[in-house]
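So this one's model21.cif, mmCIF, C-alpha atoms:
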data_structure
#
loop_
_atom_site.label_atom_id
_atom_site.label_comp_id
_atom_site.auth_asym_id
_atom_site.auth_seq_id
_atom_site.Cartn_x
_atom_site.Cartn_y
_atom_site.Cartn_z
CA MET A 273 -6.77 -25.23 10.72
CA THR A 274 -6.53 -22.19 8.43
CA GLN A 275 -3.94 -19.60 9.51
CA LEU A 276 -5.38 -16.08 9.72
CA LEU A 277 -2.78 -13.54 8.55
CA ASP A 278 -3.43 -10.73 11.02
CA GLY A 279 -2.24 -7.50 9.39
CA LYS A 280 -3.56 -5.37 12.22
CA ALA A 281 -1.34 -7.04 14.84
CA LEU A 282 1.75 -6.99 12.60
CA ALA A 283 1.17 -3.32 11.66
CA THR A 284 0.97 -2.44 15.37
CA GLN A 285 4.28 -4.25 15.98
CA ILE A 286 5.95 -2.45 13.05
CA GLN A 287 4.70 0.93 14.33
CA THR A 288 6.07 0.14 17.80
CA ASP A 289 9.48 -0.69 16.27
CA LEU A 290 9.43 2.48 14.14
CA ALA A 291 8.54 4.58 17.21
CA ALA A 292 11.60 3.17 19.02
CA THR A 293 13.81 4.00 16.00
CA VAL A 294 12.49 7.57 15.81
CA GLN A 295 12.88 8.03 19.56
CA ALA A 296 16.52 6.92 19.36
CA PHE A 297 17.24 9.56 16.69
CA THR A 298 15.34 12.41 18.40
CA ALA A 299 17.07 11.56 21.71
CA GLN A 300 20.36 12.33 19.94
CA GLY A 301 19.04 15.81 19.11
CA HIS A 302 17.84 15.10 15.55
CA ARG A 303 14.54 16.50 14.24
CA PRO A 304 11.64 14.04 13.89
CA PRO A 305 10.82 12.53 10.46
CA GLY A 306 8.21 14.48 8.47
CA LEU A 307 5.38 13.26 6.20
CA ALA A 308 3.36 15.63 4.01
CA VAL A 309 -0.03 14.39 2.80
CA ILE A 310 -1.69 16.51 0.10
CA MET A 311 -5.46 16.18 -0.12
CA VAL A 312 -7.55 18.00 -2.73
CA GLY A 313 -11.29 18.48 -2.28
CA ASP A 314 -13.67 16.84 0.20
CA ASN A 315 -13.94 13.16 -0.71
CA PRO A 316 -15.20 11.60 2.59
CA ALA A 317 -13.25 8.33 2.08
CA SER A 318 -10.04 10.29 1.38
CA ALA A 319 -10.61 12.46 4.46
CA ALA A 320 -10.97 9.31 6.60
CA TYR A 321 -7.75 7.84 5.12
CA VAL A 322 -5.85 11.08 5.80
CA ARG A 323 -7.07 11.20 9.43
CA ASN A 324 -6.01 7.57 9.85
CA LYS A 325 -2.52 8.38 8.47
CA GLU A 326 -2.19 11.43 10.75
CA ARG A 327 -3.06 9.34 13.82
CA ALA A 328 -0.54 6.67 12.77
CA CYS A 329 2.15 9.37 12.31
CA SER A 330 1.58 10.70 15.83
CA ARG A 331 1.89 7.17 17.29
CA VAL A 332 5.29 6.72 15.64
CA GLY A 333 6.60 10.24 16.30
CA ILE A 334 6.47 11.44 12.68
CA ALA A 335 5.64 15.13 12.20
CA SER A 336 2.59 15.45 9.95
CA TYR A 337 2.52 18.27 7.39
CA SER A 338 -0.96 17.79 5.92
CA LYS A 339 -2.06 20.18 3.17
CA HIS A 340 -5.79 20.34 2.40
CA LEU A 341 -6.48 22.19 -0.85
CA PRO A 342 -9.87 23.22 -2.32
CA ALA A 343 -11.33 21.13 -5.17
CA THR A 344 -10.95 24.17 -7.47
CA VAL A 345 -7.13 24.30 -7.09
CA SER A 346 -5.13 24.44 -10.35
CA GLN A 347 -2.59 21.89 -11.59
CA GLN A 348 0.17 24.49 -11.29
CA GLU A 349 -0.72 25.32 -7.67
CA VAL A 350 -0.48 21.67 -6.62
CA ALA A 351 2.76 21.21 -8.59
CA ASP A 352 4.22 24.33 -6.91
CA LEU A 353 3.28 22.95 -3.47
CA ILE A 354 5.00 19.62 -4.26
CA GLN A 355 8.16 21.47 -5.38
CA GLN A 356 8.09 23.47 -2.15
CA LEU A 357 7.84 20.22 -0.12
CA ASN A 358 10.64 18.65 -2.23
CA GLY A 359 12.90 21.44 -1.00
CA ASP A 360 11.71 21.42 2.63
CA PRO A 361 14.47 19.86 4.80
CA ASN A 362 11.90 18.82 7.46
CA VAL A 363 9.85 16.71 5.01
CA ASP A 364 11.03 13.14 4.28
CA GLY A 365 7.90 11.74 2.65
CA ILE A 366 5.31 13.24 0.28
CA LEU A 367 2.00 11.60 -0.55
CA VAL A 368 -0.74 12.84 -2.89
CA GLN A 369 -4.04 11.35 -1.70
CA LEU A 370 -5.90 9.80 -4.64
CA PRO A 371 -8.38 10.11 -6.29
CA LEU A 372 -7.93 13.72 -7.39
CA PRO A 373 -10.64 15.88 -9.03
CA ASP A 374 -11.00 15.18 -12.76
CA HIS A 375 -9.34 18.42 -13.90
CA LEU A 376 -6.03 17.46 -12.27
CA ASP A 377 -3.46 15.16 -13.93
CA ALA A 378 -2.48 12.75 -11.15
CA VAL A 379 0.35 11.11 -13.13
CA ALA A 380 2.02 14.45 -13.89
CA LEU A 381 1.80 15.42 -10.19
CA LEU A 382 3.28 12.09 -9.02
CA LEU A 383 6.18 12.67 -11.43
CA THR A 384 6.83 16.03 -9.71
CA ILE A 385 7.59 14.33 -6.36
CA ASP A 386 11.29 13.83 -5.53
CA PRO A 387 11.72 10.02 -5.91
CA ASP A 388 13.62 9.91 -2.60
CA LYS A 389 10.60 11.49 -0.84
CA ASP A 390 8.05 9.31 -2.67
CA ALA A 391 6.42 7.76 0.42
CA ASP A 392 3.93 5.78 -1.70
CA GLY A 393 6.70 4.18 -3.80
CA LEU A 394 4.86 4.96 -7.06
CA HIS A 395 7.36 7.19 -8.88
CA PRO A 396 8.67 5.56 -12.11
CA ILE A 397 12.22 5.79 -10.73
CA ASN A 398 11.22 3.75 -7.65
CA LEU A 399 9.34 1.24 -9.82
CA GLY A 400 12.47 1.06 -12.01
CA ARG A 401 14.60 0.38 -8.93
CA LEU A 402 12.19 -2.45 -8.03
CA VAL A 403 12.48 -3.91 -11.56
CA ARG A 404 16.28 -3.80 -11.28
CA GLY A 405 16.32 -5.20 -7.73
CA GLU A 406 17.95 -2.03 -6.37
CA PRO A 407 17.19 -0.42 -2.98
CA GLY A 408 14.43 2.18 -3.11
CA LEU A 409 11.08 3.17 -1.62
CA ARG A 410 8.63 0.33 -2.29
CA SER A 411 4.95 0.53 -3.24
CA CYS A 412 3.18 0.31 0.13
CA THR A 413 0.43 -2.28 -0.41
CA PRO A 414 2.51 -5.02 -2.10
CA TYR A 415 5.39 -4.29 0.29
CA GLY A 416 2.93 -4.85 3.15
CA VAL A 417 1.88 -8.18 1.61
CA MET A 418 5.52 -9.32 1.46
CA ARG A 419 6.01 -8.41 5.11
CA LEU A 420 2.86 -10.36 6.06
CA LEU A 421 4.19 -13.44 4.24
CA GLU A 422 7.59 -13.06 5.90
CA ALA A 423 6.06 -12.72 9.39
CA ALA A 424 4.00 -15.87 8.80
CA GLN A 425 7.16 -17.69 7.59
CA ILE A 426 5.60 -18.28 4.17
CA ASP A 427 8.51 -18.35 1.70
CA PRO A 428 7.49 -17.57 -1.91
CA ALA A 429 10.67 -19.21 -3.28
CA GLY A 430 9.69 -21.99 -5.68
CA ALA A 431 5.96 -21.30 -5.25
CA THR A 432 3.53 -20.68 -8.10
CA ALA A 433 2.03 -17.24 -7.47
CA VAL A 434 -0.94 -15.76 -9.29
CA VAL A 435 -1.70 -12.04 -8.99
CA VAL A 436 -5.23 -11.16 -10.14
CA GLY A 437 -5.15 -7.50 -11.18
CA ARG A 438 -2.56 -5.47 -13.13
CA SER A 439 -2.77 -1.98 -11.64
CA ILE A 440 0.36 0.09 -11.15
CA LEU A 441 -0.72 0.52 -7.50
CA VAL A 442 -0.80 -3.18 -6.62
CA GLY A 443 -0.81 -5.80 -9.36
CA LYS A 444 2.40 -4.98 -11.25
CA PRO A 445 4.64 -4.16 -8.26
CA MET A 446 3.19 -7.17 -6.38
CA ALA A 447 4.23 -9.47 -9.23
CA LEU A 448 7.74 -7.93 -9.28
CA MET A 449 8.19 -8.37 -5.52
CA LEU A 450 7.08 -12.02 -5.66
CA LEU A 451 9.45 -12.55 -8.60
CA GLU A 452 12.26 -10.95 -6.57
CA ALA A 453 11.44 -13.50 -3.81
CA ASN A 454 11.93 -16.34 -6.37
CA ALA A 455 8.28 -17.24 -6.97
CA THR A 456 7.07 -18.22 -10.45
CA VAL A 457 4.55 -15.46 -11.18
CA THR A 458 1.49 -15.14 -13.41
CA ILE A 459 -0.41 -11.85 -13.70
CA ALA A 460 -4.07 -12.58 -14.48
CA HIS A 461 -6.85 -10.08 -15.18
CA SER A 462 -10.36 -9.61 -16.60
CA ARG A 463 -9.30 -10.76 -20.08
CA THR A 464 -7.48 -13.91 -18.95
CA PRO A 465 -9.16 -16.95 -20.59
CA ASP A 466 -10.52 -19.40 -17.98
CA LEU A 467 -9.44 -17.20 -15.08
CA SER A 468 -10.71 -19.74 -12.55
CA ALA A 469 -8.37 -22.46 -13.92
CA VAL A 470 -5.40 -20.08 -13.74
CA MET A 471 -6.23 -19.16 -10.12
CA ARG A 472 -6.50 -22.84 -9.15
CA GLN A 473 -2.81 -23.32 -10.06
CA ALA A 474 -1.68 -20.83 -7.39
CA ASP A 475 0.20 -21.77 -4.24
CA ILE A 476 -0.03 -18.05 -3.42
CA LEU A 477 -3.08 -16.21 -4.78
CA VAL A 478 -3.23 -12.40 -4.53
CA ALA A 479 -6.60 -10.80 -5.32
CA ALA A 480 -6.51 -7.12 -6.30
CA VAL A 481 -9.42 -6.53 -8.68
CA GLY A 482 -11.94 -4.43 -6.73
CA ARG A 483 -14.89 -6.82 -7.24
CA PRO A 484 -16.60 -7.86 -3.99
CA GLY A 485 -16.52 -11.59 -3.25
CA MET A 486 -15.49 -12.50 -6.81
CA ILE A 487 -13.18 -15.36 -5.78
CA THR A 488 -14.84 -18.43 -4.24
CA ALA A 489 -13.66 -21.85 -3.07
CA ALA A 490 -14.08 -23.17 -6.64
CA ASP A 491 -11.27 -20.80 -7.75
CA VAL A 492 -8.78 -21.76 -5.05
CA LYS A 493 -6.33 -24.65 -4.84
CA PRO A 494 -6.78 -26.46 -1.49
CA GLY A 495 -3.93 -25.64 0.90
CA SER A 496 -2.94 -22.41 -0.86
CA VAL A 497 -2.20 -18.98 0.66
CA VAL A 498 -4.86 -16.38 -0.22
CA ILE A 499 -4.07 -12.67 0.05
CA ASP A 500 -7.08 -10.39 -0.33
CA VAL A 501 -6.09 -6.82 -1.25
CA GLY A 502 -9.64 -5.78 -2.17
CA ILE A 503 -11.48 -3.26 -0.01
CA ASN A 504 -15.04 -2.86 -1.28
CA ARG A 505 -17.82 -0.94 0.45
CA VAL A 506 -21.07 -2.93 0.10
CA GLU A 507 -24.45 -1.40 0.97
CA GLN A 508 -26.58 -3.46 3.37
CA PRO A 509 -30.40 -3.70 3.22
CA ASP A 510 -30.67 -1.44 6.31
CA GLY A 511 -28.72 1.33 4.53
CA SER A 512 -25.45 0.72 6.40
CA ALA A 513 -22.25 -0.32 4.60
CA ARG A 514 -19.70 -3.00 5.36
CA LEU A 515 -16.24 -3.63 3.98
CA VAL A 516 -15.62 -6.84 2.07
CA GLY A 517 -12.71 -8.10 0.01
CA ASP A 518 -12.42 -9.56 -3.49
CA VAL A 519 -12.45 -13.03 -1.89
CA ASN A 520 -15.61 -14.63 -0.53
CA PHE A 521 -14.04 -15.25 2.89
CA ALA A 522 -16.67 -17.68 4.24
CA SER A 523 -16.34 -19.86 1.13
CA VAL A 524 -12.53 -19.77 0.78
CA GLU A 525 -11.33 -19.90 4.40
CA PRO A 526 -12.05 -23.64 4.88
CA VAL A 527 -9.94 -24.64 1.84
CA ALA A 528 -6.99 -22.22 2.26
CA ALA A 529 -3.91 -22.92 4.37
CA ALA A 530 -3.65 -19.19 5.19
CA ILE A 531 -5.82 -16.17 4.39
CA THR A 532 -6.02 -12.43 5.10
CA PRO A 533 -9.28 -11.04 6.52
CA VAL A 534 -10.97 -7.85 5.27
CA PRO A 535 -10.83 -5.58 7.16
CA GLY A 536 -7.73 -6.22 9.31
CA GLY A 537 -5.47 -7.91 6.77
CA VAL A 538 -3.61 -5.96 4.09
CA GLY A 539 -5.16 -2.52 4.85
CA PRO A 540 -3.29 -1.79 8.11
CA MET A 541 -0.05 -3.01 6.51
CA THR A 542 -0.35 -0.39 3.74
CA VAL A 543 -0.30 2.42 6.33
CA ALA A 544 2.56 0.74 8.26
CA MET A 545 4.67 0.58 5.08
CA LEU A 546 3.94 4.25 4.32
CA LEU A 547 5.39 5.09 7.75
CA GLU A 548 8.32 2.74 7.18
CA ASN A 549 9.10 4.37 3.81
CA THR A 550 9.04 7.79 5.52
CA VAL A 551 11.42 6.62 8.28
CA THR A 552 13.70 4.95 5.67
CA SER A 553 13.84 8.23 3.71
CA TYR A 554 14.54 10.09 6.97
CA ARG A 555 17.42 7.79 7.90
CA ASN A 556 18.90 8.09 4.40
CA ARG A 557 18.65 11.88 4.64
CA LEU A 558 20.31 12.00 8.08
#
Exercise: express the given structure as structure tokens:
Amino acid sequence: MTQLLDGKALATQIQTDLAATVQAFTAQGHRPPGLAVIMVGDNPASAAYVRNKERACSRVGIASYSKHLPATVSQQEVADLIQQLNGDPNVDGILVQLPLPDHLDAVALLLTIDPDKDADGLHPINLGRLVRGEPGLRSCTPYGVMRLLEAAQIDPAGATAVVVGRSILVGKPMALMLLEANATVTIAHSRTPDLSAVMRQADILVAAVGRPGMITAADVKPGSVVIDVGINRVEQPDGSARLVGDVNFASVEPVAAAITPVPGGVGPMTVAMLLENTVTSYRNRL
């Protein structure tokens, strides 16, 4: 029987635990933690993500300092806002909602964020801390994957792990976290020769490529753990859209020992880790 790795249930549990932590601090007379989400323009998907984050903040007791800027805003104006939030004693986490309009340099703006308020864990200093095995704010999606594995009592130590995708958002930090947990890690990508053969070696296979249903049963070693990070919106014949992962779930589920669904797997964990990073930063600041 394949084990379904339920990210939604675990994320709810983590939020409940965080709410208890925050309540304990505020009961002692401390201010609540604060998260500032900067959104530029009117991308409907981004707006939905921001609303989702705001609702999650209110459940945990985190004060939300959302800033919605027009699409015409200048690089300097966004950088000035980030500097203002860096200096705000009520703000513990800062997040710039991506993607940004083309005229803005996202990398330069991420570098402006105080690394100790980098709720997304993407600042080069936090990635450097991860490389060195030092404490720091961790990249939310791979951190969420590690927590899912831990909750399911799946120990990466000694396992062969294959991460398909090499983005700075998921692929690279995911590989580093699995390495830190003593897995033997391969990063594979679109230019890997015989990608299917490489994937079939994996005891733990993490898919983060953004191609709907790309990975099928023929690519998966029987009895392996399959983590699907992909969230792809696929148009249906009736004009509606549904979310699917990078893994063809119906094909792979029967051969995997454990698998994450899409939606309801890694996605909710990403938001939970964003909240956890904010509360960690808050506790460090207090």
Dump as a tab-separated table the rows for residues of segment 354-374 of chain A within 7 Å of segment 303-321 of chain A: closest atom pair and distance in Å with one decimal, all atoms listed in the file counted, ordered by chain and rising residue number.
residue	atom	partner	partner_atom	distance
A:Asn362	CA	A:Gly306	CA	5.8
A:Val363	CA	A:Gly306	CA	4.4
A:Asp364	CA	A:Gly306	CA	5.2
A:Gly365	CA	A:Leu307	CA	4.6
A:Ile366	CA	A:Ala308	CA	4.8
A:Leu367	CA	A:Val309	CA	4.8
A:Val368	CA	A:Ile310	CA	4.8
A:Gln369	CA	A:Met311	CA	5.3
A:Leu372	CA	A:Val312	CA	6.3
Export of prior selection with C-alpha atoms as a short mmCIF file (atom, residue, chain, number, x, y, z; two decimals), in the frame of the given file:
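Generated output (result06.cif):
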data_model
loop_
_atom_site.label_atom_id
_atom_site.label_comp_id
_atom_site.auth_asym_id
_atom_site.auth_seq_id
_atom_site.Cartn_x
_atom_site.Cartn_y
_atom_site.Cartn_z
CA ASN A 362 11.90 18.82 7.46
CA VAL A 363 9.85 16.71 5.01
CA ASP A 364 11.03 13.14 4.28
CA GLY A 365 7.90 11.74 2.65
CA ILE A 366 5.31 13.24 0.28
CA LEU A 367 2.00 11.60 -0.55
CA VAL A 368 -0.74 12.84 -2.89
CA GLN A 369 -4.04 11.35 -1.70
CA LEU A 372 -7.93 13.72 -7.39
#
Written as a JSON list (two decimals) with C-alpha atoms, keeping the file's coordinate frame, what is the full residue list that the PyMOL selection byres ((chain A and resi 293) around 12) yields on the file shown?
[["chain", "number", "residue", "atom", "x", "y", "z"],
["A", 286, "ILE", "CA", 5.95, -2.45, 13.05],
["A", 287, "GLN", "CA", 4.70, 0.93, 14.33],
["A", 288, "THR", "CA", 6.07, 0.14, 17.80],
["A", 289, "ASP", "CA", 9.48, -0.69, 16.27],
["A", 290, "LEU", "CA", 9.43, 2.48, 14.14],
["A", 291, "ALA", "CA", 8.54, 4.58, 17.21],
["A", 292, "ALA", "CA", 11.60, 3.17, 19.02],
["A", 294, "VAL", "CA", 12.49, 7.57, 15.81],
["A", 295, "GLN", "CA", 12.88, 8.03, 19.56],
["A", 296, "ALA", "CA", 16.52, 6.92, 19.36],
["A", 297, "PHE", "CA", 17.24, 9.56, 16.69],
["A", 298, "THR", "CA", 15.34, 12.41, 18.40],
["A", 299, "ALA", "CA", 17.07, 11.56, 21.71],
["A", 300, "GLN", "CA", 20.36, 12.33, 19.94],
["A", 302, "HIS", "CA", 17.84, 15.10, 15.55],
["A", 304, "PRO", "CA", 11.64, 14.04, 13.89],
["A", 305, "PRO", "CA", 10.82, 12.53, 10.46],
["A", 332, "VAL", "CA", 5.29, 6.72, 15.64],
["A", 333, "GLY", "CA", 6.60, 10.24, 16.30],
["A", 334, "ILE", "CA", 6.47, 11.44, 12.68],
["A", 547, "LEU", "CA", 5.39, 5.09, 7.75],
["A", 548, "GLU", "CA", 8.32, 2.74, 7.18],
["A", 551, "VAL", "CA", 11.42, 6.62, 8.28],
["A", 552, "THR", "CA", 13.70, 4.95, 5.67],
["A", 554, "TYR", "CA", 14.54, 10.09, 6.97],
["A", 555, "ARG", "CA", 17.42, 7.79, 7.90]]
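Reported to one decimal place, the separation of atom CA of Ala455 of chain A from atom CA of Gly430 of chain A is 5.1 Å.
Each of A:Pro342, A:Asp518, A:Asn556, A:Val498 was checked against Thr274 of chain A using all atoms listed in the file; the smallest atom-to-atom distance is that of A:Val498.
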So the first atom is atom CA of His461 of chain A and the second is atom CA of Gly502 of chain A; what is the distance between them in Å, to one decimal place? 14.0 Å
What's the 9 Å shell around Gln347 of chain A, counting only C-alpha atoms, without same-chain residues fewer than 4 positions away, as a short mmCIF file (atom, residue, chain, number, x, y, z; two decimals) with C-alpha atoms, keeping the file's coordinate frame?
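The resulting file, result.cif, is shown below:
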data_model
loop_
_atom_site.label_atom_id
_atom_site.label_comp_id
_atom_site.auth_asym_id
_atom_site.auth_seq_id
_atom_site.Cartn_x
_atom_site.Cartn_y
_atom_site.Cartn_z
CA ALA A 351 2.76 21.21 -8.59
CA ASP A 352 4.22 24.33 -6.91
CA HIS A 375 -9.34 18.42 -13.90
CA LEU A 376 -6.03 17.46 -12.27
CA ASP A 377 -3.46 15.16 -13.93
CA LEU A 381 1.80 15.42 -10.19
#
So how far away is atom CA of Pro535 of chain A from atom CA of Met446 of chain A, in Å? 19.6 Å
With the PyMOL selection byres ((chain A and resi 403-410) around 10) as the selection, what would be picked from this file? Answer as an MDAnalysis selection string, please. chainID A and resid 387:395 397:402 411:416 445 448:449 451:452 545:546 548:550 552:553
Could you give me, as an mmCIF file with C-alpha atoms, in the frame of the given file, the residues that sit within 12 Å of (-10.4, -27.8, -14.2) in the file's coordinates, counting all atoms listed in the file?
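Saved result, out21.cif, follows:
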data_model
loop_
_atom_site.group_PDB
_atom_site.id
_atom_site.type_symbol
_atom_site.label_atom_id
_atom_site.label_comp_id
_atom_site.auth_asym_id
_atom_site.auth_seq_id
_atom_site.Cartn_x
_atom_site.Cartn_y
_atom_site.Cartn_z
ATOM 1 C CA ASP A 466 -10.520 -19.400 -17.980
ATOM 2 C CA LEU A 467 -9.440 -17.200 -15.080
ATOM 3 C CA SER A 468 -10.710 -19.740 -12.550
ATOM 4 C CA ALA A 469 -8.370 -22.460 -13.920
ATOM 5 C CA VAL A 470 -5.400 -20.080 -13.740
ATOM 6 C CA MET A 471 -6.230 -19.160 -10.120
ATOM 7 C CA ARG A 472 -6.500 -22.840 -9.150
ATOM 8 C CA GLN A 473 -2.810 -23.320 -10.060
ATOM 9 C CA ALA A 490 -14.080 -23.170 -6.640
ATOM 10 C CA ASP A 491 -11.270 -20.800 -7.750
ATOM 11 C CA VAL A 492 -8.780 -21.760 -5.050
ATOM 12 C CA LYS A 493 -6.330 -24.650 -4.840
#
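For the set A:Ala431, A:Ala335, A:Asn454, A:Arg419, the residue with the smallest atom-to-atom gap to Ala474 of chain A is A:Ala431, counting only C-alpha atoms.
Residue membership of the PyMOL selection byres ((chain A and resi 536) around 6) in the shown file amounts to Gly279, Lys280, Pro533, Val534, Pro535 and Gly537 of chain A.
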C-alpha atoms of the current selection, written as a PDB file, keeping the file's coordinate frame:
ATOM      1  CA  GLY A 279      -2.240  -7.500   9.390  1.00  0.00           C
ATOM      2  CA  LYS A 280      -3.560  -5.370  12.220  1.00  0.00           C
ATOM      3  CA  PRO A 533      -9.280 -11.040   6.520  1.00  0.00           C
ATOM      4  CA  VAL A 534     -10.970  -7.850   5.270  1.00  0.00           C
ATOM      5  CA  PRO A 535     -10.830  -5.580   7.160  1.00  0.00           C
ATOM      6  CA  GLY A 537      -5.470  -7.910   6.770  1.00  0.00           C
TER       7      GLY A 537
END
Using only C-alpha atoms, pick whichever of A:Val417, A:Leu441, A:Val350, A:Met541 has the shortest atom-to-atom distance to Ile385 of chain A. A:Val350
Using only C-alpha atoms, which residue out of A:Leu357, A:Val506, A:Val481, A:Ala453 lies closest to Val519 of chain A? A:Val481
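Remark: for Ala479 of chain A, the closest of the candidate residues A:Ala522, A:Ala529, A:Ala429, A:Val497 is A:Val497 (distances computed over all atoms listed in the file).
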